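Dumped work15.txt below, it's compact mmCIF, C-alpha atoms and all ligand atoms:
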# COMPACT_ATOMS: atom_id res chain seq x y z
CA MET A 966 -29.65 -9.51 -21.80
CA ARG A 967 -25.86 -9.43 -21.73
CA SER A 968 -23.52 -10.23 -18.84
CA TYR A 969 -20.45 -8.08 -18.30
CA SER A 970 -17.07 -8.83 -16.84
CA LEU A 971 -14.90 -5.90 -15.73
CA GLN A 972 -11.47 -5.38 -14.23
CA ALA A 973 -11.16 -2.83 -11.42
CA SER A 974 -7.70 -1.41 -10.70
CA ALA A 975 -6.17 -0.76 -7.30
CA LYS A 976 -4.59 2.65 -6.62
CA ILE A 977 -1.52 3.80 -4.77
CA ASN A 978 -0.91 7.29 -3.39
CA LEU A 979 2.29 8.71 -4.82
CA TYR A 980 1.59 11.81 -2.75
CA LEU A 981 -0.80 12.49 0.13
CA GLU A 982 -0.79 15.81 1.95
CA ILE A 983 -3.37 16.84 4.52
CA ILE A 984 -3.89 20.54 4.01
CA GLY A 985 -6.62 21.43 6.46
CA ASP A 986 -10.17 20.95 7.69
CA ARG A 987 -13.08 21.48 5.34
CA PRO A 988 -16.34 23.12 6.38
CA ASP A 989 -18.08 19.73 5.75
CA GLY A 990 -15.93 18.04 8.43
CA TYR A 991 -13.71 16.14 5.99
CA HIS A 992 -10.03 16.85 5.48
CA GLU A 993 -8.86 18.95 2.57
CA LEU A 994 -6.34 16.76 0.74
CA ALA A 995 -3.77 17.04 -2.01
CA MET A 996 -2.97 13.68 -3.52
CA VAL A 997 -1.38 12.18 -6.59
CA LEU A 998 -3.22 8.93 -7.26
CA GLN A 999 -1.88 6.24 -9.56
CA SER A 1000 -3.73 3.16 -10.88
CA ILE A 1001 -1.83 -0.12 -10.91
CA ASP A 1002 -2.68 -3.33 -12.72
CA LEU A 1003 -3.41 -5.24 -9.53
CA VAL A 1004 -7.07 -5.87 -10.31
CA ASP A 1005 -10.30 -7.41 -9.03
CA ARG A 1006 -12.66 -8.99 -11.52
CA ILE A 1007 -16.32 -8.05 -11.24
CA ASP A 1008 -18.90 -10.13 -13.11
CA LEU A 1009 -22.36 -8.65 -13.55
CA ARG A 1010 -25.17 -11.03 -14.49
CA PRO A 1011 -28.81 -10.08 -14.99
CA ILE A 1012 -31.18 -12.08 -12.79
CA GLY A 1013 -34.87 -12.21 -13.43
CA THR A 1014 -35.88 -10.61 -10.12
CA ASP A 1015 -35.84 -7.07 -8.80
CA THR A 1016 -33.05 -7.73 -6.32
CA ILE A 1017 -29.30 -7.08 -6.08
CA ARG A 1018 -27.16 -10.03 -5.04
CA VAL A 1019 -23.44 -9.99 -4.14
CA ARG A 1020 -21.16 -13.00 -4.18
CA CYS A 1021 -17.61 -12.86 -2.87
CA ASP A 1022 -15.70 -15.66 -1.22
CA HIS A 1023 -13.12 -13.43 0.47
CA PRO A 1024 -13.61 -13.79 4.27
CA GLN A 1025 -13.12 -10.04 4.94
CA VAL A 1026 -15.56 -8.86 2.28
CA PRO A 1027 -19.22 -8.67 3.32
CA PRO A 1028 -21.45 -10.43 0.73
CA ASP A 1029 -24.42 -8.23 1.64
CA LYS A 1030 -25.73 -4.66 1.85
CA ASN A 1031 -22.52 -3.51 3.55
CA ASN A 1032 -20.52 -4.26 0.43
CA LEU A 1033 -19.57 -1.08 -1.41
CA ALA A 1034 -20.37 -2.83 -4.70
CA TYR A 1035 -23.89 -3.56 -3.42
CA ARG A 1036 -24.25 0.08 -2.36
CA ALA A 1037 -23.24 1.21 -5.85
CA ALA A 1038 -25.92 -1.00 -7.42
CA ASP A 1039 -28.49 0.12 -4.85
CA LEU A 1040 -27.74 3.76 -5.66
CA LEU A 1041 -28.54 3.08 -9.33
CA VAL A 1042 -31.71 1.19 -8.34
CA LYS A 1043 -32.86 4.28 -6.40
CA GLN A 1044 -31.85 6.73 -9.14
CA PHE A 1045 -33.24 4.68 -12.05
CA PRO A 1046 -36.28 2.68 -10.83
CA ASP A 1047 -37.57 2.44 -14.42
CA ALA A 1048 -34.39 0.63 -15.49
CA LEU A 1049 -34.83 -1.87 -12.66
CA ALA A 1050 -38.42 -2.45 -13.76
CA LYS A 1051 -37.34 -2.88 -17.39
CA TYR A 1052 -34.13 -4.90 -17.02
CA GLY A 1053 -34.45 -6.54 -13.56
CA GLY A 1054 -31.88 -7.08 -10.84
CA VAL A 1055 -28.27 -8.09 -11.06
CA GLU A 1056 -25.88 -10.56 -9.49
CA ILE A 1057 -22.45 -9.08 -8.71
CA SER A 1058 -19.63 -11.63 -8.35
CA ILE A 1059 -16.41 -10.21 -6.93
CA HIS A 1060 -13.15 -12.07 -7.54
CA LYS A 1061 -10.67 -10.45 -5.17
CA GLN A 1062 -7.00 -10.01 -5.89
CA ILE A 1063 -6.64 -6.52 -4.40
CA PRO A 1064 -5.82 -6.97 -0.71
CA VAL A 1065 -8.67 -5.86 1.55
CA ALA A 1066 -8.42 -2.91 3.98
CA ALA A 1067 -4.98 -2.20 2.62
CA GLY A 1068 -5.02 1.47 1.55
CA LEU A 1069 -5.40 0.41 -2.10
CA ALA A 1070 -9.06 1.40 -2.60
CA GLY A 1071 -10.24 -2.14 -3.34
CA GLY A 1072 -13.83 -1.54 -2.23
CA SER A 1073 -14.01 1.77 -4.10
CA ALA A 1074 -12.68 0.09 -7.25
CA ASN A 1075 -15.41 -2.56 -6.97
CA ALA A 1076 -18.08 0.13 -6.60
CA ALA A 1077 -16.65 1.96 -9.62
CA ALA A 1078 -16.85 -1.23 -11.70
CA VAL A 1079 -20.48 -1.77 -10.72
CA LEU A 1080 -21.41 1.79 -11.76
CA VAL A 1081 -19.65 1.39 -15.12
CA GLY A 1082 -21.03 -2.13 -15.71
CA MET A 1083 -24.61 -1.41 -14.70
CA ASP A 1084 -24.61 1.68 -16.89
CA LEU A 1085 -23.95 -0.71 -19.78
CA LEU A 1086 -26.27 -3.46 -18.58
CA TRP A 1087 -29.19 -1.09 -18.10
CA GLN A 1088 -28.25 1.01 -21.16
CA LEU A 1089 -28.37 4.22 -19.10
CA GLY A 1090 -25.94 6.09 -21.36
CA LEU A 1091 -24.33 8.01 -18.47
CA THR A 1092 -21.19 10.05 -19.15
CA GLN A 1093 -17.99 9.48 -17.19
CA SER A 1094 -18.55 12.66 -15.20
CA GLU A 1095 -22.14 11.62 -14.37
CA LEU A 1096 -20.85 8.25 -13.19
CA GLN A 1097 -18.17 10.02 -11.13
CA GLU A 1098 -20.74 12.30 -9.54
CA LEU A 1099 -22.77 9.25 -8.49
CA GLY A 1100 -19.56 7.57 -7.29
CA GLY A 1101 -18.66 10.56 -5.12
CA ALA A 1102 -21.76 9.84 -3.00
CA LEU A 1103 -20.36 6.37 -2.21
CA GLY A 1104 -16.81 7.33 -1.26
CA SER A 1105 -14.06 9.85 -2.02
CA ASP A 1106 -11.93 7.34 -3.99
CA VAL A 1107 -14.74 6.11 -6.26
CA PRO A 1108 -14.57 8.95 -8.85
CA PHE A 1109 -10.84 8.34 -9.33
CA CYS A 1110 -11.36 4.56 -9.57
CA ILE A 1111 -13.77 5.13 -12.48
CA ALA A 1112 -11.24 7.14 -14.50
CA GLY A 1113 -7.92 5.69 -13.31
CA GLY A 1114 -4.50 6.71 -14.59
CA THR A 1115 -2.40 9.40 -12.90
CA THR A 1116 -4.39 12.18 -11.27
CA LEU A 1117 -4.07 15.12 -8.93
CA ALA A 1118 -6.92 14.79 -6.44
CA THR A 1119 -7.94 17.67 -4.19
CA GLY A 1120 -10.92 18.46 -1.97
CA ARG A 1121 -11.92 15.22 -0.20
CA GLY A 1122 -9.95 13.43 -2.92
CA ASP A 1123 -12.82 13.61 -5.39
CA GLU A 1124 -11.88 16.77 -7.33
CA LEU A 1125 -9.74 15.34 -10.09
CA SER A 1126 -7.26 16.87 -12.54
CA PRO A 1127 -5.70 14.21 -14.78
CA LEU A 1128 -1.90 14.40 -15.03
CA ALA A 1129 0.38 13.29 -17.86
CA ASP A 1130 1.15 9.58 -18.01
CA LEU A 1131 4.30 8.87 -15.98
CA GLY A 1132 5.37 5.97 -18.14
CA SER A 1133 6.09 2.40 -17.21
CA PHE A 1134 7.10 2.08 -13.58
CA CYS A 1135 6.86 -1.19 -11.76
CA VAL A 1136 5.59 -1.46 -8.16
CA VAL A 1137 6.32 -3.96 -5.41
CA LEU A 1138 3.68 -3.99 -2.69
CA ALA A 1139 3.93 -5.65 0.70
CA LYS A 1140 1.41 -6.03 3.48
CA TYR A 1141 1.30 -7.90 6.74
CA ARG A 1142 -1.83 -10.05 6.94
CA ASN A 1143 -2.08 -9.47 10.70
CA VAL A 1144 -1.78 -5.66 10.63
CA SER A 1145 -4.68 -3.34 9.94
CA ILE A 1146 -4.88 0.42 10.30
CA SER A 1147 -8.25 2.10 10.59
CA THR A 1148 -8.58 4.95 8.08
CA ALA A 1149 -10.71 6.92 10.56
CA TRP A 1150 -8.08 6.43 13.31
CA ALA A 1151 -5.28 7.60 11.02
CA TYR A 1152 -7.04 10.84 10.02
CA GLN A 1153 -8.34 11.59 13.53
CA THR A 1154 -4.90 11.03 15.07
CA TYR A 1155 -3.35 13.26 12.42
CA ARG A 1156 -5.84 16.00 13.28
CA GLN A 1157 -5.06 15.66 17.01
CA GLN A 1158 -1.30 15.78 16.47
CA PHE A 1159 -0.93 18.18 13.55
CA GLY A 1160 -4.23 20.09 13.37
CA SER A 1161 -2.58 23.27 14.70
CA SER A 1162 -0.48 23.47 11.49
CA TYR A 1163 -3.51 23.24 9.16
CA CYS A 1164 -4.07 25.87 6.53
CA ALA A 1165 -6.74 28.42 7.60
CA PRO A 1166 -10.13 27.78 5.91
CA GLU A 1167 -9.97 31.12 4.06
CA ASP A 1168 -6.61 30.15 2.52
CA LEU A 1169 -7.71 26.73 1.20
CA ASP A 1170 -8.62 27.94 -2.29
CA CYS A 1171 -5.30 29.71 -2.71
CA ARG A 1172 -3.39 26.67 -1.42
CA ARG A 1173 -5.29 24.40 -3.84
CA GLU A 1174 -4.42 26.71 -6.73
CA ARG A 1175 -0.71 26.62 -5.83
CA LEU A 1176 -0.69 22.81 -6.06
CA HIS A 1177 -1.31 22.99 -9.78
CA SER A 1178 1.94 24.88 -10.28
CA GLY A 1179 3.88 23.00 -7.58
CA PRO A 1180 6.64 20.41 -7.99
CA MET A 1181 4.50 17.27 -8.10
CA VAL A 1182 2.47 18.49 -11.03
CA GLY A 1183 5.33 20.31 -12.79
CA GLN A 1184 8.29 18.00 -12.27
CA LEU A 1185 6.87 14.50 -12.18
CA PRO A 1186 6.13 14.10 -15.89
CA LYS A 1187 9.29 15.91 -16.98
CA ASP A 1188 11.90 14.03 -14.99
CA ARG A 1189 11.20 10.39 -14.21
CA SER A 1190 14.22 10.15 -11.93
CA LYS A 1191 12.58 12.61 -9.48
CA ILE A 1192 9.65 10.36 -8.73
CA GLY A 1193 11.27 8.66 -5.72
CA LYS A 1194 12.12 12.00 -4.10
CA LEU A 1195 8.59 13.35 -4.58
CA LEU A 1196 6.84 10.44 -2.86
CA HIS A 1197 5.14 11.69 0.30
CA ASN A 1198 2.41 10.61 2.70
CA ASP A 1199 1.50 12.71 5.76
CA LEU A 1200 -0.26 9.71 7.34
CA GLU A 1201 3.11 8.01 7.77
CA LYS A 1202 3.74 10.52 10.58
CA VAL A 1203 1.02 8.87 12.67
CA ALA A 1204 1.24 5.29 11.38
CA LEU A 1205 4.97 4.56 11.46
CA PRO A 1206 5.50 5.32 15.17
CA VAL A 1207 2.56 3.08 16.15
CA TYR A 1208 3.01 0.21 13.67
CA PRO A 1209 6.62 -1.03 13.85
CA GLN A 1210 5.99 -3.64 11.15
CA VAL A 1211 5.07 -0.93 8.64
CA LEU A 1212 8.20 1.02 9.58
CA GLN A 1213 10.29 -2.14 9.23
CA LEU A 1214 8.89 -2.69 5.73
CA ARG A 1215 9.67 0.91 4.73
CA GLU A 1216 13.24 0.50 5.95
CA ALA A 1217 13.68 -2.87 4.26
CA PHE A 1218 12.52 -1.44 0.91
CA GLU A 1219 14.82 1.56 1.32
CA SER A 1220 17.80 -0.74 1.92
CA ALA A 1221 16.88 -2.79 -1.15
CA GLY A 1222 17.83 0.05 -3.50
CA VAL A 1223 14.47 1.14 -4.88
CA LEU A 1224 13.56 4.41 -6.66
CA GLY A 1225 11.37 5.31 -3.71
CA THR A 1226 9.09 3.73 -1.12
CA MET A 1227 6.00 4.92 0.78
CA MET A 1228 2.96 3.70 2.70
CA SER A 1229 -0.15 3.85 0.48
CA GLY A 1230 -3.14 5.83 1.79
CA SER A 1231 -3.82 4.99 5.43
CA GLY A 1232 -1.83 1.78 5.06
CA PRO A 1233 -0.78 -0.72 6.06
CA THR A 1234 0.45 -1.57 2.54
CA VAL A 1235 3.93 -0.26 1.72
CA PHE A 1236 4.96 0.05 -1.91
CA ALA A 1237 8.28 0.58 -3.64
CA LEU A 1238 8.95 1.77 -7.18
CA ALA A 1239 11.31 0.08 -9.60
CA GLU A 1240 12.33 0.80 -13.20
CA SER A 1241 11.63 -2.72 -14.45
CA ARG A 1242 9.84 -5.94 -13.62
CA ALA A 1243 13.19 -7.69 -13.10
CA GLN A 1244 14.32 -5.03 -10.60
CA ALA A 1245 10.95 -5.19 -8.80
CA GLU A 1246 11.18 -8.96 -8.43
CA GLU A 1247 14.73 -8.70 -7.18
CA VAL A 1248 13.64 -6.14 -4.56
CA ARG A 1249 10.71 -8.35 -3.53
CA ASP A 1250 13.02 -11.35 -3.05
CA ARG A 1251 15.55 -9.29 -1.10
CA VAL A 1252 12.90 -7.89 1.29
CA LYS A 1253 11.29 -11.32 1.61
CA SER A 1254 14.52 -12.88 2.78
CA ALA A 1255 15.44 -9.87 4.97
CA ILE A 1256 12.16 -10.05 6.91
CA ALA A 1257 11.21 -13.72 6.45
CA SER A 1258 7.75 -13.51 8.05
CA PRO A 1259 4.99 -16.02 7.17
CA ASP A 1260 2.47 -13.15 7.62
CA LEU A 1261 3.93 -10.99 4.89
CA ASP A 1262 2.37 -10.96 1.41
CA PHE A 1263 3.90 -9.43 -1.74
CA TRP A 1264 2.55 -8.33 -5.11
CA VAL A 1265 4.30 -6.99 -8.19
CA ALA A 1266 2.32 -4.77 -10.57
CA ASN A 1267 2.75 -2.07 -13.20
CA PHE A 1268 1.47 1.49 -13.39
CA SER A 1269 -1.75 1.44 -15.37
CA ASN A 1270 -3.63 4.15 -17.22
CA THR A 1271 -6.98 2.43 -16.73
CA GLY A 1272 -9.45 2.50 -13.85
CA ILE A 1273 -12.15 0.14 -15.10
CA ARG A 1274 -11.69 -2.14 -18.08
CA ILE A 1275 -14.45 -4.16 -19.71
CA VAL A 1276 -12.97 -7.59 -20.36
CA SER A 1277 -16.04 -9.24 -21.81
CA ASP A 1278 -19.61 -8.61 -22.70
CA GLY A 1279 -22.06 -11.21 -23.84
CA ASN A 1280 -21.22 -14.89 -23.76
CA GLU A 1281 -17.62 -14.85 -24.75
CA MET A 1282 -15.31 -14.42 -21.74
CA LYS A 1283 -11.78 -13.30 -22.53
CA PRO A 1284 -9.10 -15.12 -20.48
CA GLN A 1285 -8.16 -13.35 -17.25
CA ILE A 1286 -4.60 -12.34 -16.60
CA ASN A 1287 -3.48 -11.67 -13.07
CA ALA A 1288 -0.98 -8.96 -12.19
CA ASP A 1289 1.89 -11.39 -11.58
CA GLN A 1290 1.50 -12.89 -15.06
CA ARG A 1291 1.89 -9.57 -16.92
CA ARG A 1292 5.50 -9.10 -17.81
P1 LIG B 1301 -10.33 2.78 2.83
O1 LIG B 1301 -8.99 3.43 2.70
O2 LIG B 1301 -11.43 3.52 2.13
O3 LIG B 1301 -10.67 2.33 4.23
P2 LIG B 1301 -9.12 0.45 1.71
O4 LIG B 1301 -8.72 0.59 0.34
O5 LIG B 1301 -8.07 0.55 2.75
O6 LIG B 1301 -10.26 1.47 1.99
P3 LIG B 1301 -10.97 -1.72 1.22
O7 LIG B 1301 -10.34 -2.89 0.61
O8 LIG B 1301 -11.83 -0.86 0.37
O9 LIG B 1301 -9.84 -0.89 1.97
O10 LIG B 1301 -11.80 -2.24 2.48
C1 LIG B 1301 -12.23 -1.41 3.55
C2 LIG B 1301 -13.38 -2.11 4.30
O11 LIG B 1301 -14.51 -2.12 3.46
C3 LIG B 1301 -13.09 -3.54 4.67
O12 LIG B 1301 -13.16 -3.66 6.06
C4 LIG B 1301 -14.17 -4.37 4.01
O13 LIG B 1301 -14.77 -5.29 4.87
C5 LIG B 1301 -15.22 -3.36 3.54
N1 LIG B 1301 -15.73 -3.64 2.17
C6 LIG B 1301 -16.98 -3.41 1.73
N2 LIG B 1301 -17.11 -3.73 0.44
C7 LIG B 1301 -15.92 -4.15 0.00
C8 LIG B 1301 -15.43 -4.62 -1.25
N3 LIG B 1301 -16.22 -4.70 -2.33
N4 LIG B 1301 -14.14 -4.95 -1.33
C9 LIG B 1301 -13.33 -4.82 -0.24
N5 LIG B 1301 -13.75 -4.43 0.97
C10 LIG B 1301 -15.03 -4.08 1.11
Serialized structure, structure tokens:
Amino acid sequence: MRSYSLQASAKINLYLEIIGDRPDGYHELAMVLQSIDLVDRIDLRPIGTDTIRVRCDHPQVPPDKNNLAYRAADLLVKQFPDALAKYGGVEISIHKQIPVAAGLAGGSANAAAVLVGMDLLWQLGLTQSELQELGGALGSDVPFCIAGGTTLATGRGDELSPLADLGSFCVVLAKYRNVSISTAWAYQTYRQQFGSSYCAPEDLDCRRERLHSGPMVGQLPKDRSKIGKLLHNDLEKVALPVYPQVLQLREAFESAGVLGTMMSGSGPTVFALAESRAQAEEVRDRVKSAIASPDLDFWVANFSNTGIRIVSDGNEMKPQINADQRR
């Protein structure tokens, strides 16, 4: 049986608005999600047993049942026991480049790659929407990570309407190694501080409808120069006052003359948009020397229209290219 090697893209939030509470206890969100070519590589190898094995040498990534990639495989084992009996188990090797717990959906991207890869390995013949439905049971970001590109995400973030390609923007990302922000804390704190301004449950449908004719859907594709002004993230309202390093990064990017800058998801990664690779690298160098912290990591990547990409099947492995090498 074949082995598969896949690339799983990170995402940034160009827009994140918390609209209200949902009857299921989650928040109702309006987001514009964008894939970038900062990728993890996921290798799937058939093993002659009926088990799922995960290998990952990143110290923050659990190489066991707590790994979201494992949970994706386990979901398929439960849904398709006949395929497990026919084809056997799989070893999942995760080669991390996407920073962990960073607001870039690294774990969700890994789970998405496992769903796409195991569908091929076990010849399940699932459609993209069937894979996305399975992915939604693992996490709100997984359906987007399967499709990738530029998408309006509503509901819990799993109701997706693809948007027109925004073209070739470049992204500089920065994250302090010693700062982490709990996603649960960020959303709970937002509810405590801003819950009184939430949209009433009976108005949610109407509000969701209005998004489709609002500025982020209408203007973004038409006028590239507006992208910086449209960046928005409600979670900054709770994160920036509590995490001075994230605020400092935001300010440093703003002073470096970028198109726009924003925290991604629940942070702590901050990204900035640039027109070209050269401008992005210049911004990175400027912020690096302005802050000069040994704990600060940087990445430069491009917008991507792909969520999961199959880079090899069978014996022949195509050479891997990391995000910094793509110019
Ligand atoms: P979220 O916003 O959903 O919290 P994130 O994008 O900020 O996610 P991830 O990189 O997905 O962050 O990691 C979140 C947590 O999930 C980490 O604490 C990590 O230990 C755990 N985790 C489980 N599986 C994975 C995986 N395959 N890759 C990365 N982290 C994983």
Within 6 Å of ligand LIG 1301 (chain B), counting all atoms listed in the file: which residues, as a compact mmCIF listing (two decimals) with C-alpha atoms, in the coordinates of the input?
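Output (part-v9.txt):
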# COMPACT_ATOMS: atom_id res chain seq x y z
CA GLN A 1025 -13.12 -10.04 4.94
CA VAL A 1026 -15.56 -8.86 2.28
CA PRO A 1027 -19.22 -8.67 3.32
CA ASN A 1031 -22.52 -3.51 3.55
CA ASN A 1032 -20.52 -4.26 0.43
CA LEU A 1033 -19.57 -1.08 -1.41
CA ALA A 1034 -20.37 -2.83 -4.70
CA VAL A 1065 -8.67 -5.86 1.55
CA ALA A 1066 -8.42 -2.91 3.98
CA ALA A 1067 -4.98 -2.20 2.62
CA GLY A 1068 -5.02 1.47 1.55
CA LEU A 1069 -5.40 0.41 -2.10
CA ALA A 1070 -9.06 1.40 -2.60
CA GLY A 1071 -10.24 -2.14 -3.34
CA GLY A 1072 -13.83 -1.54 -2.23
CA SER A 1073 -14.01 1.77 -4.10
CA ASN A 1075 -15.41 -2.56 -6.97
CA THR A 1148 -8.58 4.95 8.08
Exercise for review: Point out the residue among A:Ser1147, A:Arg1156, A:Lys1202, A:Ser1133 with the least atom-to-atom distance to Ala1239 of chain A, counting only C-alpha atoms.
Suggested key: A:Ser1133
Review point. What's the 8 Å shell around Leu1214 of chain A, counting all atoms listed in the file, without same-chain residues fewer than 3 positions away, as an MDAnalysis selection string?
Key: chainID A and resid 1139 1210:1211 1217:1218 1235 1252
**Study point:** Shortest interatomic distance to Asn1143 of chain A - which of A:Leu1195, A:Val1004, A:Leu1261, A:Ala1118, counting all atoms listed in the file
**Key:**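 Of all the options, A:Leu1261 lies closest to Asn1143 of chain A.
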Practice item. Check the smallest atom-to-atom distance from each of A:Ile1273, A:Leu1086, A:Val1079, A:Cys1135 to Leu1099 of chain A using all atoms listed in the file, then report the winner. Key: A:Val1079
Wanna dump the segment 1191-1286 of chain A-segment 988-996 of chain A contacts at 12 Å for me, each residue with its shortest atom pair and the distance in Å to one decimal, counting only C-alpha atoms, ordered by chain and number, as CSV?
residue,atom,partner,partner_atom,distance
A:Leu1195,CA,A:Met996,CA,11.6
A:Leu1196,CA,A:Met996,CA,10.4
A:His1197,CA,A:Met996,CA,9.2
A:Asn1198,CA,A:Met996,CA,8.8
A:Asp1199,CA,A:Leu994,CA,10.2
A:Leu1200,CA,A:Leu994,CA,11.4
A:Ser1229,CA,A:Met996,CA,11.0
A:Gly1230,CA,A:Met996,CA,9.5
Grab the residues selected above and save them as a PDB file, in the frame of the given file with C-alpha atoms.
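Saved the output as again-v9.pdb:
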ATOM      1  CA  LEU A1195       8.590  13.350  -4.580  1.00  0.00           C
ATOM      2  CA  LEU A1196       6.840  10.440  -2.860  1.00  0.00           C
ATOM      3  CA  HIS A1197       5.140  11.690   0.300  1.00  0.00           C
ATOM      4  CA  ASN A1198       2.410  10.610   2.700  1.00  0.00           C
ATOM      5  CA  ASP A1199       1.500  12.710   5.760  1.00  0.00           C
ATOM      6  CA  LEU A1200      -0.260   9.710   7.340  1.00  0.00           C
ATOM      7  CA  SER A1229      -0.150   3.850   0.480  1.00  0.00           C
ATOM      8  CA  GLY A1230      -3.140   5.830   1.790  1.00  0.00           C
TER       9      GLY A1230
END
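Atom to atom, atom CA of Pro1108 of chain A and atom CA of Arg1036 of chain A stand 14.6 Å apart.
Within 8 Å of Val1137 of chain A, once all atoms listed in the file are used and residues closer than 2 positions along the same chain are dropped, the contacting residues are Cys1135, Ala1139, Phe1236, Ala1237, Leu1238, Ala1239, Ala1245, Glu1246, Val1248, Arg1249, Phe1263, Trp1264, Val1265 and Ala1266 of chain A.
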Point to revise | Interatomic distance (Å, one decimal) between atom CA of Asp1262 of chain A and atom CA of Gln972 of chain A | key: 21.6 Å
Check your understanding: To one decimal place, how far is atom CA of Ser1094 of chain A from atom CA of Ala1074 of chain A in Å?
Key -> 16.0 Å
Review point. Which of these, A:Leu1176, A:Ala1038, A:Leu1049, A:Ile1059, has the shortest distance to Arg1020 of chain A once you count only C-alpha atoms?
Key: A:Ile1059
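The residue set within 12 Å of Asp1170 of chain A, counting all atoms listed in the file and dropping same-chain residues fewer than 2 places from it, reads A:Ile984, A:Gly985, A:Arg987, A:Glu993, A:Leu994, A:Ala995, A:Thr1119, A:Gly1120, A:Cys1164, A:Ala1165, A:Pro1166, A:Glu1167, A:Asp1168, A:Arg1172, A:Arg1173, A:Glu1174, A:Arg1175, A:Leu1176, A:His1177.
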Check your understanding: Which is closer to Arg1189 of chain A than all the others in A:Thr1226, A:Asp1130, A:Ser1145, A:Val1203, using only C-alpha atoms?
Key -> A:Asp1130
Practice item. Could you please give me, as a ChimeraX atom specification, the residues of protein, DNA or RNA lying at most 8 Å from (-31.7, -10.5, -12.0) in the coordinate frame of the file, considering all atoms listed in the file? Key: /A:1010-1017,1052-1056
Check your understanding: If we count all atoms listed in the file, what is near Ser970 of chain A at a cut-off of 12 Å, once residues fewer than 3 positions away on the same chain are taken out, given as an MDAnalysis selection string?
Key -> chainID A and resid 967 973 1005:1011 1056:1060 1075 1078:1079 1081:1083 1085:1086 1273:1285
Output C-alpha atoms for every residue in the selection just made, as a CSV table (one decimal), keeping the file's coordinate frame.
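Contents of result_17.csv, as written:
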chain,number,residue,atom,x,y,z
A,967,ARG,CA,-25.9,-9.4,-21.7
A,973,ALA,CA,-11.2,-2.8,-11.4
A,1005,ASP,CA,-10.3,-7.4,-9.0
A,1006,ARG,CA,-12.7,-9.0,-11.5
A,1007,ILE,CA,-16.3,-8.0,-11.2
A,1008,ASP,CA,-18.9,-10.1,-13.1
A,1009,LEU,CA,-22.4,-8.6,-13.6
A,1010,ARG,CA,-25.2,-11.0,-14.5
A,1011,PRO,CA,-28.8,-10.1,-15.0
A,1056,GLU,CA,-25.9,-10.6,-9.5
A,1057,ILE,CA,-22.4,-9.1,-8.7
A,1058,SER,CA,-19.6,-11.6,-8.4
A,1059,ILE,CA,-16.4,-10.2,-6.9
A,1060,HIS,CA,-13.2,-12.1,-7.5
A,1075,ASN,CA,-15.4,-2.6,-7.0
A,1078,ALA,CA,-16.8,-1.2,-11.7
A,1079,VAL,CA,-20.5,-1.8,-10.7
A,1081,VAL,CA,-19.6,1.4,-15.1
A,1082,GLY,CA,-21.0,-2.1,-15.7
A,1083,MET,CA,-24.6,-1.4,-14.7
A,1085,LEU,CA,-24.0,-0.7,-19.8
A,1086,LEU,CA,-26.3,-3.5,-18.6
A,1273,ILE,CA,-12.2,0.1,-15.1
A,1274,ARG,CA,-11.7,-2.1,-18.1
A,1275,ILE,CA,-14.4,-4.2,-19.7
A,1276,VAL,CA,-13.0,-7.6,-20.4
A,1277,SER,CA,-16.0,-9.2,-21.8
A,1278,ASP,CA,-19.6,-8.6,-22.7
A,1279,GLY,CA,-22.1,-11.2,-23.8
A,1280,ASN,CA,-21.2,-14.9,-23.8
A,1281,GLU,CA,-17.6,-14.8,-24.8
A,1282,MET,CA,-15.3,-14.4,-21.7
A,1283,LYS,CA,-11.8,-13.3,-22.5
A,1284,PRO,CA,-9.1,-15.1,-20.5
A,1285,GLN,CA,-8.2,-13.4,-17.2
